[in-house]
Amino acid sequence: MTPARRFRCHLAAVVLASSIILTGCVSGPPDLDEATAAKLQESVAHIAEVAAAGKFADALTNLESLQAQLTEATARGDVGGDREARIRGAIENVRFDLNALIDAQKSKPELPPEPEPEPETTPDPTPIPEPDPSPVPTLTPDPSPAPEPPAPDPEPEPEPAPSITPDPNPSPSP
């Protein structure tokens, strides 16, 4: 586990402890007003989200706001003295851890985030084509021989030449 990830787990545990402190059950008169507890818990959850995203300076700024909320609630009488001390102790622990993370970020170059492993994908099996239930007729060549081309038209016979035959009755010419 990387140091940053280890710290994030530690930070989450501290934030969770702070949350438990805010909502702890006490017998007798409550030392934490319900509306104030809800508001403080909302701030704690936001700080945890910001810190988990690696924005430690922003989380530290939000932690300062949480401490200011606590001071105001204590002044109004919404938080009892014993409860205030426990919450301030949790805030100080988180502040210490956030400062350590900020120092660690400054001392080493920022590395790209660890890539999340890609889910393994199995290739889809190649579908096997189903045989077509209705056969498609295929044209097959006719085994009979090809027809012979038509014969050319016969040439017309020539007309007979005029015959010159002597006339049996010659007539005198005028």
# chains A, B, ... in the order shown; residues from 1 in each chain; ligands from 1
>>> residues_around(residues="A:Ala35", least_positions_apart="5", cutoff="10 Å", atoms="only C-alpha atoms", output="list in words")
Leu40, Gln41 and Asp78 of chain A
>>> residues_around(residues="stretch 59-69 of chain A", least_positions_apart="4", cutoff="7 Å", atoms="only C-alpha atoms", output="PDB file with N, CA and C atoms, in the first residue's frame")
ATOM      1  N   LEU A  40     -22.248  19.709  11.893  1.00  0.00           N
ATOM      2  CA  LEU A  40     -20.839  19.328  12.053  1.00  0.00           C
ATOM      3  C   LEU A  40     -20.542  18.025  11.302  1.00  0.00           C
ATOM      4  N   SER A  43     -20.049  18.684   7.662  1.00  0.00           N
ATOM      5  CA  SER A  43     -18.719  19.250   7.404  1.00  0.00           C
ATOM      6  C   SER A  43     -17.642  18.163   7.444  1.00  0.00           C
ATOM      7  N   ILE A  47     -15.112  17.088   4.396  1.00  0.00           N
ATOM      8  CA  ILE A  47     -13.652  17.068   4.562  1.00  0.00           C
ATOM      9  C   ILE A  47     -13.101  15.706   4.140  1.00  0.00           C
ATOM     10  N   VAL A  50     -13.065  15.446   0.286  1.00  0.00           N
ATOM     11  CA  VAL A  50     -12.023  16.280  -0.319  1.00  0.00           C
ATOM     12  C   VAL A  50     -10.644  15.640  -0.098  1.00  0.00           C
ATOM     13  N   ALA A  51     -10.403  15.163   1.106  1.00  0.00           N
ATOM     14  CA  ALA A  51      -9.108  14.532   1.418  1.00  0.00           C
ATOM     15  C   ALA A  51      -8.936  13.239   0.628  1.00  0.00           C
ATOM     16  N   LYS A  55      -7.003  16.238  -2.361  1.00  0.00           N
ATOM     17  CA  LYS A  55      -6.944  17.705  -2.260  1.00  0.00           C
ATOM     18  C   LYS A  55      -6.746  18.071  -0.785  1.00  0.00           C
ATOM     19  N   ALA A  73     -20.666  27.181  17.929  1.00  0.00           N
ATOM     20  CA  ALA A  73     -21.671  26.340  18.588  1.00  0.00           C
ATOM     21  C   ALA A  73     -21.421  26.261  20.088  1.00  0.00           C
ATOM     22  N   ARG A  95      -5.811  17.515  11.395  1.00  0.00           N
ATOM     23  CA  ARG A  95      -4.944  18.606  10.930  1.00  0.00           C
ATOM     24  C   ARG A  95      -3.491  18.117  10.828  1.00  0.00           C
ATOM     25  N   LEU A  98      -3.217  15.873   7.773  1.00  0.00           N
ATOM     26  CA  LEU A  98      -3.307  16.638   6.525  1.00  0.00           C
ATOM     27  C   LEU A  98      -2.017  17.412   6.257  1.00  0.00           C
TER      28      LEU A  98
END
>>> atom_distance(atom1="atom CA of A:Asp31", atom2="atom CA of A:Gly89")
16.4 Å
>>> atom_distance(atom1="atom CA of A:Val44", atom2="atom CA of A:Arg88")
12.4 Å
>>> atom_distance(atom1="atom CA of A:Gly80", atom2="atom CA of A:Glu34")
12.3 Å
>>> residues_around(residues="A:Asn99", least_positions_apart="5", cutoff="9 Å", atoms="only C-alpha atoms", output="VMD selection string")
chain A and resid 56 to 57 60 94 104
